[in-house]
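> Encoded as structure tokens, here's the structure I'll be asking about.
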Amino acid sequence: RTVEKKGKKNDQRFEIDCSKPVQEGVLNIVTFADYLKGRIKIEGKTNQLENKVNVGVTGDRLEVTAKVAFSKRYLKYLTKKFLKKNELREYLYVSANKKNSYELRFYKIEQPDE
């Protein structure tokens with residue numbers, strides 16, 4: 001007697017909430033989406049997204065849907081590289097707010113009292 005194993009769905013959905021930097025006018029979400037599309041590697045090669053990984057913009061949120069093995073940590077790594085490239089790393093940090101979601105937040109800077 002053979003038992004068939006049902007395949008597990010590989011669709012993974014990740015989200016990056018960019019609402020605070022976009023509202024302040026610090027971050028252009030379309031540029032960020034284009035950066036991710038150009039930098040995500042599939043099987044060790046960039047620009048191989050095809051239908052395996054989709055990067056989309058919904059309002060102030062960036063959605064990444066992957067049909068192949070994809071890690072949330074890799075998405076955080078690419079986000080940090082984008083912030084560093086655009087000299088925003090000193091002002092913004094990446095924080096996990098849900099299981100499959102990140103949020104870009106501003107560092108809290110206290111003004112010295114005079």
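Identifiers for the structure tokens are assigned positionally: chains receive A, B, ... in sequence, residues are indexed from 1 per chain, and ligands are indexed from 1 in the order shown.
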Return as an mmCIF file with N, CA and C atoms, in the first residue's frame the full set of residues in chain A whose backbone-based DSSP assignment is helix (DSSP H, G or I).


```cif
data_model
loop_
_atom_site.group_PDB
_atom_site.id
_atom_site.type_symbol
_atom_site.label_atom_id
_atom_site.label_comp_id
_atom_site.auth_asym_id
_atom_site.auth_seq_id
_atom_site.Cartn_x
_atom_site.Cartn_y
_atom_site.Cartn_z
ATOM 1 N N SER A 19 5.098 53.075 5.697
ATOM 2 C CA SER A 19 4.179 54.211 5.810
ATOM 3 C C SER A 19 4.807 55.441 6.469
ATOM 4 N N LYS A 20 5.560 55.267 7.538
ATOM 5 C CA LYS A 20 6.118 56.437 8.231
ATOM 6 C C LYS A 20 7.139 57.195 7.384
ATOM 7 N N PRO A 21 8.143 56.522 6.778
ATOM 8 C CA PRO A 21 9.087 57.266 5.940
ATOM 9 C C PRO A 21 8.451 57.857 4.678
ATOM 10 N N VAL A 22 7.448 57.181 4.106
ATOM 11 C CA VAL A 22 6.790 57.692 2.896
ATOM 12 C C VAL A 22 5.977 58.942 3.233
ATOM 13 N N GLN A 23 5.276 58.925 4.368
ATOM 14 C CA GLN A 23 4.491 60.089 4.771
ATOM 15 C C GLN A 23 5.373 61.299 5.052
ATOM 16 N N GLU A 24 6.569 61.054 5.578
ATOM 17 C CA GLU A 24 7.503 62.144 5.849
ATOM 18 C C GLU A 24 8.217 62.620 4.580
ATOM 19 N N ILE A 29 8.802 54.784 -2.396
ATOM 20 C CA ILE A 29 8.518 53.351 -2.352
ATOM 21 C C ILE A 29 8.677 52.675 -3.719
ATOM 22 N N VAL A 30 8.451 53.397 -4.801
ATOM 23 C CA VAL A 30 8.611 52.825 -6.144
ATOM 24 C C VAL A 30 10.084 52.535 -6.421
ATOM 25 N N THR A 31 10.958 53.445 -5.996
ATOM 26 C CA THR A 31 12.398 53.236 -6.146
ATOM 27 C C THR A 31 12.846 52.031 -5.338
ATOM 28 N N PHE A 32 12.302 51.891 -4.140
ATOM 29 C CA PHE A 32 12.615 50.758 -3.276
ATOM 30 C C PHE A 32 12.175 49.444 -3.927
ATOM 31 N N ALA A 33 10.981 49.425 -4.517
ATOM 32 C CA ALA A 33 10.479 48.221 -5.196
ATOM 33 C C ALA A 33 11.374 47.861 -6.383
ATOM 34 N N ASP A 34 11.786 48.857 -7.158
ATOM 35 C CA ASP A 34 12.673 48.609 -8.298
ATOM 36 C C ASP A 34 14.021 48.065 -7.838
ATOM 37 N N TYR A 35 14.520 48.590 -6.719
ATOM 38 C CA TYR A 35 15.784 48.113 -6.158
ATOM 39 C C TYR A 35 15.666 46.629 -5.804
ATOM 40 N N LEU A 36 14.574 46.259 -5.135
ATOM 41 C CA LEU A 36 14.397 44.854 -4.761
ATOM 42 C C LEU A 36 14.275 43.961 -5.993
ATOM 43 N N LYS A 37 13.541 44.409 -6.994
ATOM 44 C CA LYS A 37 13.394 43.614 -8.220
ATOM 45 C C LYS A 37 14.742 43.357 -8.885
ATOM 46 N N GLY A 38 15.624 44.329 -8.815
ATOM 47 C CA GLY A 38 16.939 44.184 -9.439
ATOM 48 C C GLY A 38 17.948 43.431 -8.602
ATOM 49 N N ARG A 39 17.730 43.322 -7.296
ATOM 50 C CA ARG A 39 18.729 42.729 -6.410
ATOM 51 C C ARG A 39 18.388 41.347 -5.863
ATOM 52 N N LYS A 72 12.808 35.556 5.093
ATOM 53 C CA LYS A 72 12.459 36.889 5.567
ATOM 54 C C LYS A 72 13.744 37.657 5.907
ATOM 55 N N ARG A 73 14.730 36.953 6.400
ATOM 56 C CA ARG A 73 16.002 37.557 6.772
ATOM 57 C C ARG A 73 16.703 38.164 5.553
ATOM 58 N N TYR A 74 16.593 37.502 4.394
ATOM 59 C CA TYR A 74 17.186 38.011 3.155
ATOM 60 C C TYR A 74 16.527 39.324 2.748
ATOM 61 N N LEU A 75 15.230 39.414 2.970
ATOM 62 C CA LEU A 75 14.501 40.644 2.670
ATOM 63 C C LEU A 75 14.975 41.788 3.575
ATOM 64 N N LYS A 76 15.234 41.475 4.835
ATOM 65 C CA LYS A 76 15.748 42.483 5.773
ATOM 66 C C LYS A 76 17.144 42.942 5.344
ATOM 67 N N TYR A 77 17.965 41.989 4.915
ATOM 68 C CA TYR A 77 19.317 42.298 4.450
ATOM 69 C C TYR A 77 19.281 43.261 3.263
ATOM 70 N N LEU A 78 18.412 42.983 2.288
ATOM 71 C CA LEU A 78 18.306 43.851 1.115
ATOM 72 C C LEU A 78 17.745 45.226 1.479
ATOM 73 N N THR A 79 16.829 45.259 2.435
ATOM 74 C CA THR A 79 16.268 46.539 2.891
ATOM 75 C C THR A 79 17.353 47.400 3.524
ATOM 76 N N LYS A 80 18.191 46.781 4.345
ATOM 77 C CA LYS A 80 19.276 47.521 4.990
ATOM 78 C C LYS A 80 20.282 48.027 3.962
ATOM 79 N N LYS A 81 20.558 47.234 2.939
ATOM 80 C CA LYS A 81 21.467 47.668 1.874
ATOM 81 C C LYS A 81 20.891 48.868 1.129
ATOM 82 N N PHE A 82 19.585 48.850 0.874
ATOM 83 C CA PHE A 82 18.939 49.974 0.198
ATOM 84 C C PHE A 82 19.036 51.238 1.046
ATOM 85 N N LEU A 83 18.774 51.109 2.347
ATOM 86 C CA LEU A 83 18.847 52.267 3.237
ATOM 87 C C LEU A 83 20.271 52.826 3.280
ATOM 88 N N LYS A 84 21.267 51.959 3.323
ATOM 89 C CA LYS A 84 22.658 52.382 3.364
ATOM 90 C C LYS A 84 23.041 53.101 2.071
ATOM 91 N N LYS A 85 22.600 52.550 0.942
ATOM 92 C CA LYS A 85 22.912 53.139 -0.364
ATOM 93 C C LYS A 85 22.338 54.538 -0.486
#
```

> Between A:Val68, A:Leu49, A:Ile16, A:Val26, which one has atoms that come closest to Phe106 (chain A), using only C-alpha atoms?

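Nearest to Phe106 (chain A): A:Val26.
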
> Given only C-alpha atoms as the basis, pick out the residue of A:Lys108, A:Lys99, A:Arg89, A:Arg13 nearest to Val55 (chain A).

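Of A:Lys108, A:Lys99, A:Arg89, A:Arg13, the one nearest Val55 (chain A), counting only C-alpha atoms, is A:Arg13.
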
> For a quick check of understanding, using only C-alpha atoms, which of A:Leu104, A:Lys52, A:Lys45, A:Leu88 has the smallest distance to Phe70 (chain A)?

A:Lys52

> From the set A:Ile109, A:Val94, A:Asn86, A:Asp11, which residue has the shortest atom-to-atom contact distance to Val53 (chain A), counting only C-alpha atoms?

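So, comparing all the options, the nearest one is A:Asp11.
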
> Could you tell me how far CA of Gly44 (chain A) lies from CA of Lys67 (chain A), in Å and to one decimal?

15.9 Å

> Taking the chain letters and numbering used in this document, name the residues of region 1-88 of chain A that DSSP puts in strand (DSSP E or B), as a list of chain:residue names.

A:Gln12, A:Arg13, A:Phe14, A:Glu15, A:Ile16, A:Asp17, A:Lys41, A:Ile42, A:Lys45, A:Thr46, A:Val53, A:Asn54, A:Val55, A:Gly56, A:Val57, A:Thr58, A:Arg61, A:Leu62, A:Glu63, A:Val64, A:Thr65, A:Ala66

> Might you pull out every residue within 8 Å of Glu103 (chain A), with only C-alpha atoms counted and same-chain residues fewer than 5 positions away left off, and present them as a ChimeraX atom specification?

/A:16-18,94-97

> For the residues in that selection, give me N, CA and C atoms as a tab-separated table (two decimals), in the first residue's frame.


```tsv
chain	number	residue	atom	x	y	z
A	16	ILE	N	6.53	44.74	3.78
A	16	ILE	CA	7.35	45.77	4.42
A	16	ILE	C	6.50	47.02	4.51
A	17	ASP	N	6.23	47.46	5.73
A	17	ASP	CA	5.42	48.65	5.96
A	17	ASP	C	6.34	49.87	5.94
A	18	CYS	N	6.18	50.70	4.92
A	18	CYS	CA	7.01	51.89	4.75
A	18	CYS	C	6.21	53.17	4.99
A	94	VAL	N	14.98	48.71	10.54
A	94	VAL	CA	14.01	47.70	10.13
A	94	VAL	C	13.62	46.90	11.35
A	95	SER	N	12.32	46.82	11.60
A	95	SER	CA	11.82	46.13	12.79
A	95	SER	C	10.73	45.14	12.38
A	96	ALA	N	10.76	43.94	12.97
A	96	ALA	CA	9.71	42.96	12.69
A	96	ALA	C	8.49	43.29	13.53
A	97	ASN	N	7.34	43.46	12.87
A	97	ASN	CA	6.13	43.76	13.63
A	97	ASN	C	5.13	42.61	13.60
```

> Rank A:Tyr91, A:Phe14, A:Thr58, A:Glu63 by their smallest atom-to-atom distance to Arg105 (chain A), using only C-alpha atoms, and report the top residue only.

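Comparing A:Tyr91, A:Phe14, A:Thr58, A:Glu63 against Arg105 (chain A), the winner is A:Tyr91.
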
> Could you work out how far CA of Tyr107 (chain A) lies from CA of Ser71 (chain A), giving the answer in Å with one decimal?

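Taking CA of Ser71 (chain A) as the start and CA of Tyr107 (chain A) as the end point, the length is 25.3 Å.
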